[in-house]
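All remarks here apply to the structure that follows.
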Amino acid sequence: MIGAETRRDIAEANRRRYEELRAAGQDATTKSLPDRTARDAVPIAADAVIDTEDVPAGWYATMRLRRGEVLRIIDTTGRSSVSMIGWRQEDTSERINCADTIKVQWSAALAKGRVILSDMGRVFMSLVEDSCGAHDVLAGGSTPASTLAAYGAPSRNTHENFLAAAAKLGLGLRDIPPCLTLFAPVSLDTEGRFRWDASRKRPGDLVDLRAEMNIVVVLSNCAHPLDPIRPAASGPVTLIRHRAAVADPEDLCRTLSQEVVRAFAFTDRLFV
Amino acid sequence: MISPAATPALDMSNAAYAMDVPAERPWSHILRRGQTLRIIDSEGQQAVDALLYCVDDPAERYSAQDTLRVQGSAYIDLGTRLVSNRGRVMARITADTCGRHDTSAGCCSCESNAVRFGEATKYQHACRENFILELSKYGLGKRDIVANLNFFMNVPIDPAGHFTVVDGISSPGNFVDITADVDVIFVISNCPQINNPCNDFNPTPIRVLVWDAPAV
């Protein structure tokens with residue numbers, strides 16, 4: 001049996017560690033995050049392209065990526081938002097986990113240099129380029145109810161897109177985790193209410209997401225439920241699956257914090 | 001629909017069910033439409049992780065993102081409707097003496113603890129272990145664990161996106177009441193986390209009580 005005094009010592013040591021991690025995670029990491037990618041600064045060589053897909057407004061696409069491959073998503077018109085879920089190919093019970101993504105990085109603000117975690121303490125994808133820096137991990141995608149309320153008529157929505165895409169992989173409603181949405185400038189005010197900042201969206205905004213394990217992702221090109229534009233004004237988005245150089249050991253996403261260093265160490269063990 | 005006003009003051013002596021859930025342990029119960037579950041933070045500053053599944057079709061379950069989108073804000077409060085992944089109201093918060101609950105931080109797991117706090121913490125009991133064990137009684141598994149409710153857990157998110165688990169604000173005896181709109185499997189993990197302030201670094205027991213729907 002552990003005595004009360006020892007228990008108190010352990011609790012105090014754990015609190016000290018928590019405060020040190022919080023300071024490192026919020027103060028230092030935020031300072032070392034890079035600037036946004038310039039939209040014209042990262043052309044893809046033609047021979048690196050594996051696959052390209054244009055997704056019309058309201059529709060979805062499914063893409064398989066091998067570890068190390070990169071998915072570029074381009075919001076051509078600056079009016080789209082792209083909701084994403086995904087699973088590990090070898091075990092689809094391992095999937096994107098927004099909650100762990102937020103708490104491991106001490107931040108709900110995804111941007112260049114950040115990563116997306118799976119539920120198994122591993123890195124699912126890395127956000128290696130990002131010209132937008134305004135994405136949502138809290139409020140989810142559109143649903144039959146949200147589109148009906150917003151537009152007064154049933155319309156295509158992310159929930160049903162995810163269901164259709166999952167079904168084509170032999171998966172179902174039980175396999176659809178909370179999603180994240182790219183090009184969705186959602187933040188919270190001091191009262192905790194959601195805000196939408198349209199000024200943070202621009203035509204041609206792009207992200208590059210590097211697969212850190214073998215994955216299959218679903219991208220739904222539907223207006224975000226908090227996007228106030230009525231009727232919805234989404235445009236097409238372009239997906240480019242492409243090859244990239246093997247990540248350098250000093251790669252920003254791999255080294256930004258002690259937490260992500262550990263998450264990458266656990267991920268790399270899948271591939272030794 | 002069951003409005004909060006329809007719930008009378010609950011008399012502790014006529015609860016249909018009462019149970020102390022020890023520190024670090026799971027619990028579950030079928031909560032019938034109209035019944036009210038009270039979760040009491042017996043000793044204070046104890047996070048209680050919770051998931052809800054529809055009895056008729058457990059693929060329909062509590063959805064944190066749908067719940068937050070419908071109410072337009074990021075925390076769980078008195079009056080919050082707990083919305084399913086099919087957009088239905090499953091239950092609602094009908095009393096709350098604490099005032100701050102989270103639903104964005106998820107549950108702790110051995111795997112995420114190892115990432116957050118170092119590999120040595122991988123071998124500490126965690127909420128996901130509790131959820132897996134409890135859900136197995138209903139034929140459910142890891143893929144059914146979605147972003148959960150964290151009662152009595154204080155996780156402010158600031159306008160820049162900073163996200164911090166800070167000291168809980170619940171005092172001994174604080175409680176939250178949840179009244180079911182449909183029959184639900186209500187699953188709890190009395191959080192064993194000792195690496196952050198959600199349990200004041202010292203997990204403690206909670207008490208759960210259930211009242212039947214008021215007679216009409």
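Residues are referred to by chain and number: the chain letter is A, B, ... according to the order shown in the structure tokens, the number counts from 1 in that chain, and ligands are numbered separately from 1 in the order shown.
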Could I get the residues of chain B with an atom no further than 9 Å from an atom of chain A, each paired with its nearest atom pair and that distance in Å to one decimal, using only C-alpha atoms, sorted by chain and residue number, as JSON lines?
{"residue": "B:Pro58", "atom": "CA", "partner": "A:Arg174", "partner_atom": "CA", "distance": 8.5}
{"residue": "B:Ala59", "atom": "CA", "partner": "A:Arg174", "partner_atom": "CA", "distance": 5.3}
{"residue": "B:Glu60", "atom": "CA", "partner": "A:Leu173", "partner_atom": "CA", "distance": 7.8}
{"residue": "B:Arg61", "atom": "CA", "partner": "A:Arg174", "partner_atom": "CA", "distance": 8.7}
{"residue": "B:Ser63", "atom": "CA", "partner": "A:Pro178", "partner_atom": "CA", "distance": 7.8}
{"residue": "B:Ala64", "atom": "CA", "partner": "A:Pro178", "partner_atom": "CA", "distance": 7.9}
{"residue": "B:Gln65", "atom": "CA", "partner": "A:Ala139", "partner_atom": "CA", "distance": 4.9}
{"residue": "B:Asp66", "atom": "CA", "partner": "A:Gly140", "partner_atom": "CA", "distance": 6.8}
{"residue": "B:Thr67", "atom": "CA", "partner": "A:Ala139", "partner_atom": "CA", "distance": 8.6}
{"residue": "B:Leu68", "atom": "CA", "partner": "A:Ala139", "partner_atom": "CA", "distance": 6.2}
{"residue": "B:Arg69", "atom": "CA", "partner": "A:Ala139", "partner_atom": "CA", "distance": 5.3}
{"residue": "B:Val70", "atom": "CA", "partner": "A:Ser146", "partner_atom": "CA", "distance": 8.2}
{"residue": "B:Gln71", "atom": "CA", "partner": "A:Arg193", "partner_atom": "CA", "distance": 8.8}
{"residue": "B:Gly72", "atom": "CA", "partner": "A:Phe194", "partner_atom": "CA", "distance": 5.8}
{"residue": "B:Ser73", "atom": "CA", "partner": "A:Arg193", "partner_atom": "CA", "distance": 4.0}
{"residue": "B:Ala74", "atom": "CA", "partner": "A:Gly192", "partner_atom": "CA", "distance": 5.4}
{"residue": "B:Tyr75", "atom": "CA", "partner": "A:Gly192", "partner_atom": "CA", "distance": 6.9}
{"residue": "B:Asn85", "atom": "CA", "partner": "A:Leu173", "partner_atom": "CA", "distance": 8.5}
{"residue": "B:Arg86", "atom": "CA", "partner": "A:Thr143", "partner_atom": "CA", "distance": 8.3}
{"residue": "B:Gly87", "atom": "CA", "partner": "A:Ala145", "partner_atom": "CA", "distance": 6.6}
{"residue": "B:Thr103", "atom": "CA", "partner": "A:Ala99", "partner_atom": "CA", "distance": 8.9}
{"residue": "B:Ser104", "atom": "CA", "partner": "A:Ala99", "partner_atom": "CA", "distance": 5.8}
{"residue": "B:Ala105", "atom": "CA", "partner": "A:Ala99", "partner_atom": "CA", "distance": 4.9}
{"residue": "B:Gly106", "atom": "CA", "partner": "A:Ala99", "partner_atom": "CA", "distance": 5.0}
{"residue": "B:Cys107", "atom": "CA", "partner": "A:Ala99", "partner_atom": "CA", "distance": 8.1}
{"residue": "B:Cys108", "atom": "CA", "partner": "A:Asp100", "partner_atom": "CA", "distance": 8.6}
{"residue": "B:Ser109", "atom": "CA", "partner": "A:Met120", "partner_atom": "CA", "distance": 8.3}
{"residue": "B:Cys110", "atom": "CA", "partner": "A:Gly121", "partner_atom": "CA", "distance": 8.4}
{"residue": "B:Glu111", "atom": "CA", "partner": "A:Gly121", "partner_atom": "CA", "distance": 4.7}
{"residue": "B:Ser112", "atom": "CA", "partner": "A:Gly121", "partner_atom": "CA", "distance": 4.7}
{"residue": "B:Asn113", "atom": "CA", "partner": "A:Gly121", "partner_atom": "CA", "distance": 8.0}
{"residue": "B:Ala114", "atom": "CA", "partner": "A:Gly121", "partner_atom": "CA", "distance": 7.4}
{"residue": "B:Val115", "atom": "CA", "partner": "A:Glu259", "partner_atom": "CA", "distance": 5.4}
{"residue": "B:Arg116", "atom": "CA", "partner": "A:Glu259", "partner_atom": "CA", "distance": 5.4}
{"residue": "B:Phe117", "atom": "CA", "partner": "A:Glu259", "partner_atom": "CA", "distance": 7.7}
{"residue": "B:Gly118", "atom": "CA", "partner": "A:Arg262", "partner_atom": "CA", "distance": 7.6}
{"residue": "B:Glu119", "atom": "CA", "partner": "A:Arg262", "partner_atom": "CA", "distance": 8.1}
{"residue": "B:Lys142", "atom": "CA", "partner": "A:Ser93", "partner_atom": "CA", "distance": 7.0}
{"residue": "B:Arg143", "atom": "CA", "partner": "A:Ser93", "partner_atom": "CA", "distance": 5.3}
{"residue": "B:Asp144", "atom": "CA", "partner": "A:Arg174", "partner_atom": "CA", "distance": 5.9}
{"residue": "B:Ile145", "atom": "CA", "partner": "A:Pro177", "partner_atom": "CA", "distance": 8.7}
{"residue": "B:Val146", "atom": "CA", "partner": "A:Pro177", "partner_atom": "CA", "distance": 6.3}
{"residue": "B:Ala147", "atom": "CA", "partner": "A:Ala99", "partner_atom": "CA", "distance": 6.8}
{"residue": "B:Pro156", "atom": "CA", "partner": "A:Gly192", "partner_atom": "CA", "distance": 8.2}
{"residue": "B:Ile157", "atom": "CA", "partner": "A:Leu188", "partner_atom": "CA", "distance": 7.3}
{"residue": "B:Asp158", "atom": "CA", "partner": "A:Thr190", "partner_atom": "CA", "distance": 6.5}
{"residue": "B:Pro159", "atom": "CA", "partner": "A:Leu188", "partner_atom": "CA", "distance": 5.0}
{"residue": "B:Ala160", "atom": "CA", "partner": "A:Ala109", "partner_atom": "CA", "distance": 7.2}
{"residue": "B:Gly161", "atom": "CA", "partner": "A:Ala108", "partner_atom": "CA", "distance": 4.7}
{"residue": "B:His162", "atom": "CA", "partner": "A:Ser107", "partner_atom": "CA", "distance": 4.5}
{"residue": "B:Phe163", "atom": "CA", "partner": "A:Ser107", "partner_atom": "CA", "distance": 4.9}
{"residue": "B:Thr164", "atom": "CA", "partner": "A:Trp106", "partner_atom": "CA", "distance": 6.3}
{"residue": "B:Val165", "atom": "CA", "partner": "A:Lys103", "partner_atom": "CA", "distance": 8.5}
{"residue": "B:Ile194", "atom": "CA", "partner": "A:Asn14", "partner_atom": "CA", "distance": 7.3}
{"residue": "B:Asn195", "atom": "CA", "partner": "A:Asn14", "partner_atom": "CA", "distance": 5.5}
{"residue": "B:Asn196", "atom": "CA", "partner": "A:Tyr18", "partner_atom": "CA", "distance": 5.9}
{"residue": "B:Pro197", "atom": "CA", "partner": "A:Arg15", "partner_atom": "CA", "distance": 7.1}
{"residue": "B:Asp200", "atom": "CA", "partner": "A:Ala11", "partner_atom": "CA", "distance": 8.1}
{"residue": "B:Phe201", "atom": "CA", "partner": "A:Ala11", "partner_atom": "CA", "distance": 5.3}
{"residue": "B:Asn202", "atom": "CA", "partner": "A:Ala11", "partner_atom": "CA", "distance": 7.1}
Please produce an output containing C-alpha atoms for each residue in the selection, written as a short mmCIF file (atom, residue, chain, number, x, y, z; two decimals), in the first residue's frame.
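See result_25.cif below for the written result:
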data_model
loop_
_atom_site.label_atom_id
_atom_site.label_comp_id
_atom_site.auth_asym_id
_atom_site.auth_seq_id
_atom_site.Cartn_x
_atom_site.Cartn_y
_atom_site.Cartn_z
CA PRO B 58 -26.15 1.20 -31.10
CA ALA B 59 -24.62 2.42 -34.40
CA GLU B 60 -26.54 5.57 -33.49
CA ARG B 61 -24.53 7.12 -30.69
CA SER B 63 -21.84 12.77 -31.32
CA ALA B 64 -19.79 15.52 -29.73
CA GLN B 65 -19.48 17.46 -33.01
CA ASP B 66 -23.21 17.37 -33.76
CA THR B 67 -23.95 18.41 -30.19
CA LEU B 68 -21.60 21.39 -30.34
CA ARG B 69 -22.69 22.49 -33.82
CA VAL B 70 -26.38 22.44 -32.87
CA GLN B 71 -25.81 24.60 -29.79
CA GLY B 72 -23.19 26.81 -31.45
CA SER B 73 -20.72 26.69 -28.59
CA ALA B 74 -17.95 24.48 -27.29
CA TYR B 75 -18.91 23.46 -23.75
CA ASN B 85 -24.73 10.99 -35.16
CA ARG B 86 -28.13 10.84 -36.86
CA GLY B 87 -29.08 14.28 -35.57
CA THR B 103 -16.68 17.16 -24.92
CA SER B 104 -13.68 17.94 -27.17
CA ALA B 105 -10.81 16.34 -25.24
CA GLY B 106 -11.79 12.71 -25.73
CA CYS B 107 -10.79 10.02 -23.27
CA CYS B 108 -7.36 9.04 -22.05
CA SER B 109 -5.80 5.89 -23.46
CA CYS B 110 -2.59 3.99 -22.72
CA GLU B 111 -1.41 4.98 -26.19
CA SER B 112 -2.13 8.71 -25.96
CA ASN B 113 -0.75 8.85 -22.40
CA ALA B 114 2.55 7.45 -23.71
CA VAL B 115 2.65 10.22 -26.33
CA ARG B 116 1.66 13.00 -23.95
CA PHE B 117 3.50 12.07 -20.77
CA GLY B 118 6.24 9.62 -21.72
CA GLU B 119 6.40 5.93 -22.48
CA LYS B 142 -12.96 0.03 -29.87
CA ARG B 143 -14.42 1.28 -33.16
CA ASP B 144 -17.53 2.33 -31.25
CA ILE B 145 -15.59 4.67 -28.96
CA VAL B 146 -16.12 8.19 -30.28
CA ALA B 147 -15.39 11.59 -28.74
CA PRO B 156 -10.89 25.91 -21.85
CA ILE B 157 -10.11 26.64 -25.52
CA ASP B 158 -9.05 30.23 -26.12
CA PRO B 159 -9.62 32.33 -29.27
CA ALA B 160 -6.12 31.40 -30.55
CA GLY B 161 -6.97 27.72 -30.21
CA HIS B 162 -4.89 27.02 -27.09
CA PHE B 163 -6.33 24.00 -25.37
CA THR B 164 -5.53 23.17 -21.75
CA VAL B 165 -6.84 20.70 -19.21
CA ILE B 194 -3.05 10.82 -12.81
CA ASN B 195 -0.91 12.82 -15.27
CA ASN B 196 -2.99 15.95 -15.63
CA PRO B 197 -5.17 18.07 -13.34
CA ASP B 200 -6.50 16.71 -9.11
CA PHE B 201 -3.90 13.94 -9.71
CA ASN B 202 -5.93 11.74 -7.36
#
Have a look at B:Ile206, B:Ala215, B:Ile185, B:Val55 and name the one nearest to Gly34 in chain B; count only C-alpha atoms.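 Checking each of B:Ile206, B:Ala215, B:Ile185, B:Val55 against Gly34 in chain B, counting only C-alpha atoms, the winner is B:Ala215.
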Work out how far CA of Val48 in chain B is from CA of Arg128 in chain B, in Å to one decimal.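 Calculated distance between CA of Arg128 in chain B and CA of Val48 in chain B is 12.4 Å.
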Taking only range 61-197 of chain B into account, list the residues labelled strand (DSSP E or B) by DSSP (computed from the backbone), as number ranges by chain. B: 61-62, 73, 76, 81-84, 89-96, 101-102, 149-151, 154, 157, 162-163, 166, 174-180, 184-190
What's the separation between CA of Ala45 in chain A and CA of Asp75 in chain A, in Å to one decimal place? 19.5 Å
